[in-house]
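Text of start.cif (mmCIF, C-alpha atoms) as supplied:
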```cif
data_protein
loop_
_atom_site.label_atom_id
_atom_site.label_comp_id
_atom_site.auth_asym_id
_atom_site.auth_seq_id
_atom_site.Cartn_x
_atom_site.Cartn_y
_atom_site.Cartn_z
CA MET A 1039 19.68 -14.57 41.27
CA SER A 1040 16.66 -12.77 42.70
CA LEU A 1041 13.53 -12.23 40.65
CA LEU A 1042 14.30 -8.52 40.28
CA GLY A 1043 17.86 -9.47 39.30
CA PHE A 1044 16.49 -11.69 36.55
CA PHE A 1045 14.25 -8.88 35.30
CA GLN A 1046 17.24 -6.50 35.30
CA TRP A 1047 19.25 -9.05 33.35
CA CYS A 1048 16.41 -9.26 30.78
CA GLU A 1049 16.25 -5.48 30.52
CA GLN A 1050 19.99 -5.29 29.88
CA SER A 1051 20.01 -8.07 27.28
CA GLY A 1052 21.13 -7.25 23.75
CA ILE A 1053 17.69 -7.96 22.27
CA GLY A 1054 15.94 -5.68 24.75
CA ASP A 1055 18.47 -2.97 24.07
CA THR A 1056 18.05 -3.25 20.28
CA ILE A 1057 14.25 -2.98 20.56
CA ARG A 1058 14.50 0.01 22.90
CA ARG A 1059 16.88 1.86 20.61
CA SER A 1060 14.72 1.43 17.53
CA SER A 1061 11.77 3.76 17.08
CA TRP A 1062 9.71 1.28 15.07
CA LEU A 1063 10.63 -2.24 16.36
CA PHE A 1064 8.46 -2.05 19.49
CA PRO A 1065 5.34 -0.76 17.66
CA VAL A 1066 5.66 -3.40 14.93
CA ILE A 1067 6.16 -6.29 17.37
CA GLU A 1068 3.29 -4.96 19.47
CA ALA A 1069 0.98 -4.81 16.45
CA ILE A 1070 1.80 -8.45 15.56
CA HIS A 1071 1.18 -9.33 19.21
CA LEU A 1072 -2.29 -7.74 18.87
CA LEU A 1073 -3.03 -9.79 15.73
CA GLY A 1074 -2.14 -12.95 17.64
CA LEU A 1075 -4.54 -11.90 20.39
CA GLY A 1076 -7.34 -11.51 17.85
CA VAL A 1077 -6.77 -14.98 16.39
CA ILE A 1078 -6.67 -16.54 19.87
CA GLY A 1079 -9.95 -14.73 20.55
CA GLY A 1080 -11.52 -16.27 17.45
CA ALA A 1081 -10.31 -19.81 18.22
CA VAL A 1082 -11.37 -19.60 21.88
CA LEU A 1083 -14.75 -18.00 21.16
CA THR A 1084 -15.65 -20.50 18.41
CA VAL A 1085 -15.39 -23.29 20.99
CA ASP A 1086 -16.79 -21.36 23.95
CA LEU A 1087 -19.82 -20.01 22.07
CA ARG A 1088 -20.56 -23.61 21.03
CA LEU A 1089 -20.35 -24.76 24.66
CA LEU A 1090 -22.70 -21.91 25.64
CA GLY A 1091 -25.16 -23.12 22.99
CA LEU A 1092 -24.83 -19.82 21.10
CA GLY A 1093 -22.49 -20.62 18.22
CA LEU A 1094 -22.30 -23.61 15.88
CA ARG A 1095 -24.86 -25.63 17.85
CA ARG A 1096 -25.17 -28.49 15.36
CA GLN A 1097 -21.49 -29.39 15.44
CA PRO A 1098 -19.93 -31.58 18.13
CA ALA A 1099 -17.83 -29.41 20.45
CA ALA A 1100 -14.99 -31.93 20.27
CA GLN A 1101 -14.78 -31.55 16.48
CA LEU A 1102 -14.79 -27.73 16.69
CA ALA A 1103 -12.09 -27.83 19.37
CA ARG A 1104 -9.95 -30.05 17.10
CA ASP A 1105 -10.51 -27.67 14.15
CA ALA A 1106 -9.63 -24.59 16.20
CA GLN A 1107 -6.63 -26.22 17.93
CA PRO A 1108 -3.92 -25.49 15.31
CA TRP A 1109 -4.95 -21.81 15.15
CA LEU A 1110 -5.06 -21.54 18.94
CA VAL A 1111 -1.65 -23.16 19.38
CA GLY A 1112 -0.13 -21.31 16.41
CA SER A 1113 -1.25 -17.88 17.60
CA LEU A 1114 -0.22 -18.75 21.16
CA LEU A 1115 3.31 -19.44 19.92
CA LEU A 1116 3.28 -16.14 18.01
CA MET A 1117 2.08 -14.39 21.18
CA LEU A 1118 4.79 -16.02 23.31
CA ILE A 1119 7.57 -15.02 20.89
CA THR A 1120 6.42 -11.43 20.31
CA GLY A 1121 5.41 -11.08 23.97
CA SER A 1122 8.86 -12.18 25.16
CA LEU A 1123 10.50 -9.64 22.84
CA LEU A 1124 8.26 -6.86 24.17
CA PHE A 1125 9.01 -7.99 27.72
CA LEU A 1126 12.79 -7.95 27.16
CA SER A 1127 12.59 -4.32 26.11
CA GLU A 1128 10.77 -3.15 29.25
CA ALA A 1129 11.29 -5.83 31.91
CA ILE A 1130 11.81 -3.41 34.82
CA LYS A 1131 8.62 -1.51 34.00
CA CYS A 1132 6.76 -4.84 33.95
CA TYR A 1133 8.25 -5.85 37.32
CA TYR A 1134 6.67 -2.82 38.98
CA HIS A 1135 3.39 -2.91 37.00
CA GLU A 1136 0.41 -4.69 38.63
CA ALA A 1137 -1.17 -5.29 35.20
CA PHE A 1138 1.83 -7.41 34.14
CA TRP A 1139 1.47 -9.75 37.12
CA PHE A 1140 -2.30 -9.85 36.68
CA LYS A 1141 -1.79 -10.82 33.04
CA MET A 1142 0.78 -13.51 33.83
CA ALA A 1143 -1.49 -15.02 36.49
CA SER A 1144 -4.45 -14.98 34.06
CA LEU A 1145 -2.31 -16.48 31.30
CA PHE A 1146 -1.09 -19.30 33.54
CA LEU A 1147 -4.63 -20.10 34.70
CA ALA A 1148 -6.06 -19.80 31.17
CA LEU A 1149 -3.45 -22.17 29.73
CA VAL A 1150 -3.87 -24.75 32.50
CA PHE A 1151 -7.66 -24.50 32.36
CA THR A 1152 -7.88 -24.74 28.55
CA PHE A 1153 -5.56 -27.71 28.19
CA THR A 1154 -6.78 -29.73 31.21
CA ILE A 1155 -10.29 -29.15 32.56
CA GLN A 1156 -11.84 -27.65 29.42
CA ARG A 1157 -10.30 -30.26 27.15
CA LYS A 1158 -11.61 -33.07 29.40
CA VAL A 1159 -15.11 -31.63 29.44
CA ILE A 1160 -15.14 -31.18 25.65
CA MET A 1161 -13.72 -34.60 24.84
CA ALA A 1162 -16.14 -36.31 27.25
CA GLY A 1163 -18.93 -35.35 24.83
CA GLU A 1164 -22.40 -33.96 25.43
CA THR A 1165 -23.92 -37.12 26.83
CA ARG A 1166 -21.57 -37.48 29.76
CA VAL A 1167 -21.40 -33.83 30.90
CA ARG A 1168 -24.32 -31.88 32.30
CA PRO A 1169 -25.06 -28.89 29.99
CA VAL A 1170 -24.70 -26.46 32.87
CA TRP A 1171 -21.07 -27.57 33.38
CA SER A 1172 -20.26 -26.98 29.72
CA LYS A 1173 -21.59 -23.45 30.10
CA VAL A 1174 -19.66 -22.82 33.32
CA VAL A 1175 -16.46 -24.06 31.65
CA ALA A 1176 -17.05 -21.77 28.65
CA LEU A 1177 -17.67 -18.74 30.88
CA VAL A 1178 -14.55 -19.42 32.96
CA SER A 1179 -12.52 -19.78 29.76
CA ILE A 1180 -13.83 -16.46 28.36
CA LEU A 1181 -13.16 -14.70 31.68
CA LEU A 1182 -9.60 -16.01 31.96
CA TRP A 1183 -8.65 -15.15 28.37
CA SER A 1184 -10.28 -11.72 28.75
CA GLY A 1185 -8.08 -11.21 31.80
CA VAL A 1186 -5.03 -11.94 29.63
CA GLY A 1187 -6.07 -9.49 26.90
CA ILE A 1188 -7.21 -6.65 29.13
CA GLY A 1189 -4.27 -7.12 31.54
CA GLY A 1190 -1.99 -6.87 28.52
CA ARG A 1191 -3.62 -3.66 27.31
CA TRP A 1192 -3.21 -2.12 30.80
CA ILE A 1193 0.55 -2.78 30.82
CA GLY A 1194 0.67 0.02 28.24
CA PHE A 1195 -1.20 2.47 30.49
CA SER A 1196 0.90 4.20 33.13
CA MET B 129 -30.70 -6.19 6.35
CA GLN B 130 -26.96 -5.64 6.78
CA ILE B 131 -26.99 -2.61 4.47
CA ARG B 132 -29.68 -1.04 6.62
CA LEU B 133 -27.65 -1.76 9.74
CA LEU B 134 -24.61 -0.07 8.22
CA ALA B 135 -26.71 2.97 7.27
CA PHE B 136 -28.02 3.12 10.82
CA LEU B 137 -24.46 3.00 12.17
CA CYS B 138 -23.41 5.87 9.91
CA CYS B 139 -26.35 7.96 11.15
CA LEU B 140 -25.39 7.13 14.75
CA VAL B 141 -21.82 8.27 14.20
CA LEU B 142 -23.02 11.51 12.58
CA ALA B 143 -25.45 12.10 15.43
CA ILE B 144 -22.65 11.67 17.98
CA CYS B 145 -20.47 14.11 16.04
CA TYR B 146 -23.31 16.63 15.86
CA GLN B 147 -24.08 16.23 19.55
CA ALA B 148 -20.43 16.74 20.42
CA THR B 149 -20.10 19.92 18.38
CA ALA B 150 -23.45 21.41 19.38
CA ARG B 151 -22.40 21.69 23.02
CA THR B 152 -19.99 24.39 24.00
CA ALA B 153 -17.05 23.57 26.26
CA ALA B 154 -17.12 24.76 29.84
CA PRO B 155 -14.92 27.88 29.81
CA THR B 156 -12.70 26.76 32.69
CA TRP B 157 -11.64 23.48 31.05
CA GLY B 158 -9.52 24.89 28.28
CA ASN B 159 -8.00 22.76 25.58
CA ALA B 160 -4.95 20.80 26.67
CA GLY B 161 -3.68 17.25 26.87
CA ARG B 162 -3.56 15.02 23.84
CA GLN B 163 -4.80 17.66 21.40
CA THR B 164 -2.29 19.23 19.00
CA HIS B 165 -3.39 22.66 20.07
CA VAL B 166 -0.86 24.61 18.00
CA VAL B 167 -2.17 23.21 14.75
CA SER B 168 -5.82 23.69 15.65
CA THR B 169 -5.45 27.46 16.25
CA VAL B 170 -3.50 27.88 13.03
CA LEU B 171 -6.10 26.04 11.01
CA LEU B 172 -8.97 28.06 12.39
CA GLN B 173 -7.34 31.15 10.90
CA THR B 174 -6.79 29.44 7.57
CA PRO B 175 -9.89 29.59 5.38
CA ALA B 176 -8.87 26.89 2.90
CA PRO B 177 -6.32 24.36 4.13
CA GLN B 178 -4.62 22.32 1.42
CA GLY B 179 -4.18 18.59 1.00
CA ILE B 180 -6.71 15.75 1.05
CA GLY B 181 -9.93 16.49 2.94
CA GLY B 182 -8.84 19.90 4.20
CA SER B 183 -12.39 21.19 4.55
CA LEU B 184 -13.12 18.80 7.41
CA LEU B 185 -10.19 20.12 9.45
CA ALA B 186 -12.12 23.05 10.93
CA PHE B 187 -14.99 20.75 11.81
CA PHE B 188 -12.78 18.30 13.72
CA SER B 189 -10.90 21.17 15.29
CA ARG B 190 -14.24 22.41 16.66
CA LEU B 191 -15.11 18.86 17.77
CA GLY B 192 -11.86 18.81 19.75
CA ASP B 193 -12.97 21.91 21.67
CA SER B 194 -16.32 20.38 22.61
CA SER B 195 -16.99 19.34 26.21
CA TRP B 196 -17.39 15.69 25.12
CA SER B 197 -13.94 15.61 23.61
CA VAL B 198 -12.21 17.48 26.42
CA GLY B 199 -13.99 15.34 29.01
CA LEU B 200 -12.93 12.11 27.27
CA HIS B 201 -9.26 12.91 26.94
CA GLU B 202 -8.85 14.59 30.31
CA SER B 203 -10.66 11.85 32.24
CA ARG B 204 -8.38 9.63 34.32
CA TYR B 205 -9.95 6.34 33.26
CA ALA B 206 -12.53 6.90 30.49
CA TYR B 207 -10.06 6.76 27.61
CA ASP B 208 -8.24 3.70 28.95
CA LEU B 209 -11.52 1.88 29.64
CA ILE B 210 -12.93 2.62 26.18
CA GLU B 211 -9.67 1.46 24.62
CA SER B 212 -9.87 -1.79 26.63
CA VAL B 213 -13.40 -2.33 25.33
CA HIS B 214 -12.10 -1.67 21.81
CA VAL B 215 -9.35 -4.30 22.25
CA TRP B 216 -11.64 -6.89 23.87
CA THR B 217 -14.21 -6.49 21.11
CA LEU B 218 -11.41 -6.86 18.57
CA CYS B 219 -11.13 -10.47 19.76
CA LEU B 220 -14.85 -10.98 19.17
CA PHE B 221 -15.09 -9.21 15.82
CA PHE B 222 -11.69 -9.82 14.26
CA GLY B 223 -11.32 -13.30 15.78
CA LEU B 224 -14.63 -14.63 14.47
CA ALA B 225 -14.26 -12.84 11.12
CA VAL B 226 -10.87 -14.56 10.75
CA MET B 227 -12.44 -17.94 11.57
CA PHE B 228 -15.04 -17.37 8.83
CA ASP B 229 -12.37 -16.28 6.34
CA LEU B 230 -10.32 -19.36 7.20
CA ARG B 231 -13.39 -21.52 6.55
CA LEU B 232 -13.80 -19.82 3.15
CA LEU B 233 -10.18 -20.68 2.41
CA GLY B 234 -10.78 -24.27 3.52
CA TRP B 235 -8.21 -23.98 6.31
CA THR B 236 -10.44 -24.79 9.27
CA MET B 237 -13.83 -26.40 10.12
CA ARG B 238 -13.81 -28.15 6.74
CA SER B 239 -16.63 -30.47 7.76
CA VAL B 240 -18.94 -27.59 8.77
CA PRO B 241 -21.21 -26.17 5.99
CA VAL B 242 -20.18 -22.60 5.08
CA SER B 243 -23.77 -21.33 5.39
CA GLU B 244 -23.93 -22.68 8.93
CA VAL B 245 -20.73 -20.86 9.92
CA ALA B 246 -22.14 -17.72 8.30
CA ARG B 247 -25.50 -18.02 10.02
CA ARG B 248 -24.17 -18.87 13.47
CA LEU B 249 -20.96 -16.83 13.69
CA LEU B 250 -21.46 -13.76 11.47
CA PRO B 251 -24.22 -12.28 13.72
CA TRP B 252 -21.57 -12.17 16.47
CA THR B 253 -19.24 -10.28 14.19
CA VAL B 254 -22.05 -7.77 13.55
CA VAL B 255 -22.46 -7.29 17.32
CA GLY B 256 -18.69 -6.91 17.61
CA PHE B 257 -18.58 -4.44 14.72
CA VAL B 258 -21.27 -2.23 16.29
CA VAL B 259 -19.32 -2.09 19.57
CA MET B 260 -16.08 -1.46 17.64
CA VAL B 261 -17.64 1.48 15.76
CA ILE B 262 -19.13 3.01 18.93
CA SER B 263 -15.95 2.64 21.03
CA GLY B 264 -13.80 3.69 18.07
CA THR B 265 -15.94 6.80 17.51
CA LEU B 266 -15.52 7.71 21.19
CA LEU B 267 -11.74 7.25 20.93
CA PHE B 268 -11.76 9.45 17.84
CA THR B 269 -13.91 12.07 19.61
CA ALA B 270 -11.33 12.24 22.41
CA ILE B 271 -8.57 13.28 19.98
CA PRO B 272 -10.40 14.25 16.76
CA LEU B 273 -8.06 16.60 14.92
CA ARG B 274 -4.88 14.65 15.63
CA SER B 275 -6.60 11.38 14.63
CA TYR B 276 -8.07 12.90 11.49
CA GLN B 277 -4.63 14.11 10.38
CA ASN B 278 -3.01 10.81 11.32
CA ILE B 279 -1.77 8.89 8.29
CA PHE B 280 -2.54 5.49 9.84
CA PHE B 281 -6.07 6.56 10.75
CA ARG B 282 -6.70 7.59 7.15
CA THR B 283 -5.23 4.33 5.85
CA LYS B 284 -7.45 2.43 8.26
CA MET B 285 -10.62 4.24 7.13
CA ILE B 286 -9.86 3.59 3.45
CA MET B 287 -9.23 -0.08 4.14
CA LEU B 288 -12.45 -0.27 6.18
CA LEU B 289 -14.33 0.93 3.10
CA LEU B 290 -12.54 -1.68 0.96
CA ALA B 291 -13.36 -4.41 3.50
CA GLY B 292 -17.01 -3.34 3.44
CA LEU B 293 -16.96 -3.43 -0.37
CA ASN B 294 -15.47 -6.93 -0.23
CA VAL B 295 -18.27 -8.09 2.11
CA TRP B 296 -20.87 -6.64 -0.25
CA ILE B 297 -19.33 -8.25 -3.34
CA PHE B 298 -19.08 -11.61 -1.57
CA HIS B 299 -22.67 -11.60 -0.30
CA SER B 300 -24.18 -10.38 -3.57
CA GLY B 301 -21.96 -12.64 -5.68
CA VAL B 302 -20.65 -16.12 -4.98
CA TYR B 303 -22.48 -16.45 -1.62
CA ARG B 304 -25.87 -16.35 -3.40
CA ARG B 305 -24.99 -19.72 -4.91
CA VAL B 306 -23.78 -21.09 -1.57
CA THR B 307 -26.14 -24.10 -1.77
CA THR B 308 -24.05 -25.45 -4.64
CA TRP B 309 -20.79 -25.41 -2.65
CA ASP B 310 -22.00 -25.32 0.97
CA VAL B 311 -20.38 -28.59 2.08
CA ALA B 312 -17.26 -28.35 -0.08
CA SER B 313 -14.25 -28.63 2.22
CA VAL B 314 -12.47 -26.13 -0.05
CA PRO B 315 -14.94 -23.54 -1.47
CA PRO B 316 -14.74 -22.27 -5.09
CA ARG B 317 -12.13 -19.79 -6.20
CA ALA B 318 -14.32 -16.65 -5.89
CA ALA B 319 -15.13 -17.49 -2.27
CA ARG B 320 -11.46 -18.19 -1.48
CA VAL B 321 -10.45 -14.87 -3.03
CA ALA B 322 -13.08 -13.06 -0.92
CA GLY B 323 -11.81 -14.85 2.20
CA ALA B 324 -8.16 -14.06 1.46
CA LEU B 325 -8.94 -10.39 0.67
CA SER B 326 -10.97 -10.05 3.85
CA LEU B 327 -8.18 -11.64 5.88
CA VAL B 328 -5.51 -9.33 4.44
CA LEU B 329 -7.68 -6.21 4.80
CA TRP B 330 -8.68 -6.88 8.42
CA VAL B 331 -5.08 -7.69 9.36
CA CYS B 332 -3.96 -4.38 7.82
CA ILE B 333 -6.82 -2.56 9.58
CA VAL B 334 -5.71 -3.94 12.96
CA LEU B 335 -2.07 -3.10 12.23
CA SER B 336 -2.76 0.46 11.12
CA GLY B 337 -5.21 0.91 14.00
CA ARG B 338 -2.47 0.04 16.46
CA MET B 339 -0.10 2.46 14.69
CA ILE B 340 -2.44 5.46 15.14
CA ALA B 341 -0.92 5.79 18.62
CA TYR B 342 2.50 6.69 17.16
CA ASN B 343 3.31 10.22 16.06
CA TRP B 344 6.08 9.65 13.46
CA PHE B 345 4.11 11.42 10.73
CA ASP B 346 2.14 13.86 12.89
CA CYS B 347 1.54 17.37 11.65
CA ASP B 348 3.35 19.00 14.57
CA ARG B 349 6.51 16.99 13.81
CA GLN B 350 8.16 18.87 10.95
CA PRO B 351 9.93 18.65 8.61
CA GLN B 352 8.10 15.82 6.84
CA ARG B 353 8.23 14.84 3.19
CA PRO B 354 5.75 16.85 1.05
CA ILE B 355 3.84 13.66 0.18
CA ILE B 356 3.29 12.98 3.92
CA ASN B 357 2.05 16.53 4.51
CA PHE B 358 -0.26 16.20 1.54
CA MET B 359 -1.65 12.90 2.83
CA THR B 360 -2.22 14.33 6.33
CA SER B 361 -3.65 17.70 5.08
CA CYS B 362 -0.87 19.40 7.02
CA VAL B 363 0.15 23.01 6.41
CA PRO B 364 3.78 22.91 7.56
CA ASN B 365 4.93 26.51 7.08
CA GLN B 366 2.35 27.92 9.41
CA SER B 367 2.74 25.31 12.14
CA GLU B 368 6.53 25.78 12.08
CA GLU B 369 6.17 29.40 13.16
CA HIS B 370 5.16 28.31 16.66
#
```
Please, can you express the file's structure as structure tokens?
Amino acid sequence: MSLLGFFQWCEQSGIGDTIRRSSWLFPVIEAIHLLGLGVIGGAVLTVDLRLLGLGLRRQPAAQLARDAQPWLVGSLLLMLITGSLLFLSEAIKCYYHEAFWFKMASLFLALVFTFTIQRKVIMAGETRVRPVWSKVVALVSILLWSGVGIGGRWIGFS
Amino acid sequence: MQIRLLAFLCCLVLAICYQATARTAAPTWGNAGRQTHVVSTVLLQTPAPQGIGGSLLAFFSRLGDSSWSVGLHESRYAYDLIESVHVWTLCLFFGLAVMFDLRLLGWTMRSVPVSEVARRLLPWTVVGFVVMVISGTLLFTAIPLRSYQNIFFRTKMIMLLLAGLNVWIFHSGVYRRVTTWDVASVPPRAARVAGALSLVLWVCIVLSGRMIAYNWFDCDRQPQRPIINFMTSCVPNQSEEH
């Protein structure tokens, strides 16, 4: 099956059809999706502001990352579920929308970056990582997650 | 300090509104696009519209005819860009406010003193709030009358007031004694209640904010239940004539 074929199959799925036919399902799922985005923002920024030396400077970054982890992962799961539902209802539109591909690329990079490079830098602790690298990692993380959020918002603009 | 900042923000919003109404629209632009034009002409002929807050209708109708408003909603990218800023800043403001509320509930950062979270993270929420108010005011200015009559917008404004009240009660109440419970992994009941209230209110504010975009209860979609028309200051008989 081609990629477009897969997207067409998603569009024609029963779930997608149900969401499209309802006048309120899409808005409600979208609003929950937005809440998830906000919580991800809080979890990511708590850690990234610390790495930038602007947030909770007295706390070890590793401890903050561990504290924020359940909220990051939890809201990510919420985002994936609600996002998939939204996608099923308008898969063909997404296929032809640059913002959708931009968002997916940002999401992939953000996930890989957060759970590999950033995690390594944080867990290595302050003594073994030059401060400038912590800051670079935090900036890259903020940029990638911003790409996900803003790309997502632009899927809604025609 | 924070009270003064809030007062300053209110003045800023009023100044923007005044600025927008003081200018007259360029005659060639006209009034089209997202505005519910039908309702605005009807209301201008009606001296005393009924429902909640009817007296402001003429004011926002005039705001919608201003060059600022027309420029914002007819621009190809301005509206979308401002809305993107509004969403990005939501992550900063709402995200960090949620993290603080979760700390108050004892659900995250339990080893970090509450006063430290407040001192180091709340200034960022103030920055976020200022940007939210400015970008939100611009979004409102782009579609003033329709937003003002929107049931979700009104719900959002009321809940914003309640959230502000909650902040004030928290900071002038249990937070004054923060030194006695600063390092408690689960703060006292009053602080947890404030955190839970704040969490619920901000979640509802985000939800209703997102719903402003939908026109289920808009004034130009009749018939609506009388209670809906009352809550949106809508005068249905006159708008149905068009």
Q: Rank nothing, just name the residue among B:Ile279, B:Ala324, B:Ala318, B:Val261 nearest to Arg304 in chain B, using all atoms listed in the file.
A: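 Among the listed residues, B:Ala318 lies closest to Arg304 in chain B.
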Q: Could you jot down the CA of Val254 in chain B to CA of Val1174 in chain A separation for me, Å, one decimal place?
A: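 Atom-to-atom, CA of Val254 in chain B to CA of Val1174 in chain A, that is 25.0 Å.
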Q: Please determine the contact residues of chain B with respect to chain A at a cut-off of 6 Å, counting all atoms listed in the file, and supply them as a ChimeraX atom specification.
A: /B:219,222-224,236-237,248,335,338
Q: Fewer than 3 positions away in the same chain doesn't count, so skip those; otherwise give me all residues within 9 Å of Glu211 in chain B, counting only C-alpha atoms, as an NGL selection string.
A: (:A and (1191)) or (:B and (206-208 or 214-216 or 263-264 or 267))
Name the residues that the PyMOL selection byres ((chain A and resi 1125) around 12) picks from the file above, as a tab-separated table (two decimals) with C-alpha atoms, keeping the file's coordinate frame, using the file's chain letters and numbers.
```tsv
chain	number	residue	atom	x	y	z
A	1045	PHE	CA	14.25	-8.88	35.30
A	1046	GLN	CA	17.24	-6.50	35.30
A	1047	TRP	CA	19.25	-9.05	33.35
A	1048	CYS	CA	16.41	-9.26	30.78
A	1049	GLU	CA	16.25	-5.48	30.52
A	1050	GLN	CA	19.99	-5.29	29.88
A	1051	SER	CA	20.01	-8.07	27.28
A	1053	ILE	CA	17.69	-7.96	22.27
A	1054	GLY	CA	15.94	-5.68	24.75
A	1055	ASP	CA	18.47	-2.97	24.07
A	1057	ILE	CA	14.25	-2.98	20.56
A	1058	ARG	CA	14.50	0.01	22.90
A	1064	PHE	CA	8.46	-2.05	19.49
A	1067	ILE	CA	6.16	-6.29	17.37
A	1068	GLU	CA	3.29	-4.96	19.47
A	1071	HIS	CA	1.18	-9.33	19.21
A	1117	MET	CA	2.08	-14.39	21.18
A	1118	LEU	CA	4.79	-16.02	23.31
A	1119	ILE	CA	7.57	-15.02	20.89
A	1120	THR	CA	6.42	-11.43	20.31
A	1121	GLY	CA	5.41	-11.08	23.97
A	1122	SER	CA	8.86	-12.18	25.16
A	1123	LEU	CA	10.50	-9.64	22.84
A	1124	LEU	CA	8.26	-6.86	24.17
A	1126	LEU	CA	12.79	-7.95	27.16
A	1127	SER	CA	12.59	-4.32	26.11
A	1128	GLU	CA	10.77	-3.15	29.25
A	1129	ALA	CA	11.29	-5.83	31.91
A	1130	ILE	CA	11.81	-3.41	34.82
A	1131	LYS	CA	8.62	-1.51	34.00
A	1132	CYS	CA	6.76	-4.84	33.95
A	1133	TYR	CA	8.25	-5.85	37.32
A	1135	HIS	CA	3.39	-2.91	37.00
A	1138	PHE	CA	1.83	-7.41	34.14
A	1142	MET	CA	0.78	-13.51	33.83
A	1190	GLY	CA	-1.99	-6.87	28.52
A	1193	ILE	CA	0.55	-2.78	30.82
A	1194	GLY	CA	0.67	0.02	28.24
```
Q: Go through B:Ser336, B:Thr265, B:Ser183, B:Thr307 and flag the residue nearest Glu244 in chain B, using all atoms listed in the file for the distances.
A: B:Thr307
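Residue nearest Arg317 in chain B within the list B:Cys347, B:Met285, B:Leu232, B:Ala270: B:Leu232 [criterion: smallest interatomic distance, only C-alpha atoms].
CA of Leu184 in chain B is found 17.8 Å from CA of Ile356 in chain B.
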Q: Run the PyMOL selection byres ((chain B and resi 271-273) around 6) on the file and write out the hits as number ranges by chain.
A: B: 163, 188-189, 192, 268-270, 274-276
Write the residues of the selection above to a file with C-alpha atoms, as a PDB file, in the frame of the given file.
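Saved as result-v1.pdb:
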```pdb
ATOM      1  CA  GLN B 163      -4.800  17.660  21.400  1.00  0.00           C
ATOM      2  CA  PHE B 188     -12.780  18.300  13.720  1.00  0.00           C
ATOM      3  CA  SER B 189     -10.900  21.170  15.290  1.00  0.00           C
ATOM      4  CA  GLY B 192     -11.860  18.810  19.750  1.00  0.00           C
ATOM      5  CA  PHE B 268     -11.760   9.450  17.840  1.00  0.00           C
ATOM      6  CA  THR B 269     -13.910  12.070  19.610  1.00  0.00           C
ATOM      7  CA  ALA B 270     -11.330  12.240  22.410  1.00  0.00           C
ATOM      8  CA  ARG B 274      -4.880  14.650  15.630  1.00  0.00           C
ATOM      9  CA  SER B 275      -6.600  11.380  14.630  1.00  0.00           C
ATOM     10  CA  TYR B 276      -8.070  12.900  11.490  1.00  0.00           C
TER      11      TYR B 276
END
```
Q: Report as a ChimeraX atom specification the residues that result from applying the PyMOL selection byres ((chain A and resi 1175) around 9) to the structure here.
A: /A:1086,1089-1090,1151,1155-1156,1159,1170-1174,1176-1180
Q. Expressed in Å to a single decimal, how great is the separation between CA of Ile262 in chain B and CA of Ser326 in chain B?
A.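 Computing the Euclidean distance for CA of Ile262 in chain B and CA of Ser326 in chain B yields 21.6 Å.
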**Q.** Distance query Ala225 in chain B at most 7 Å, only C-alpha atoms, self and fewer than 4 positions along chain excluded, as number ranges by chain
**A.** B: 221, 229, 253
**Q.** Within 10 Å of Gly292 in chain B using only C-alpha atoms, minus same-chain residues under 4 positions, as a ChimeraX atom specification
**A.** /B:134,286-288,296-298,326,329
Q: Identify, on the basis of only C-alpha atoms, every residue whose closest approach to Gly234 in chain B does not exceed 10 Å; exclude the query and any residue fewer than 5 positions from it along the same chain; express the result as JSON, numbers by chain.
A: {"B": [228, 229, 239, 242, 312, 313, 314, 315, 316, 319, 320, 323]}
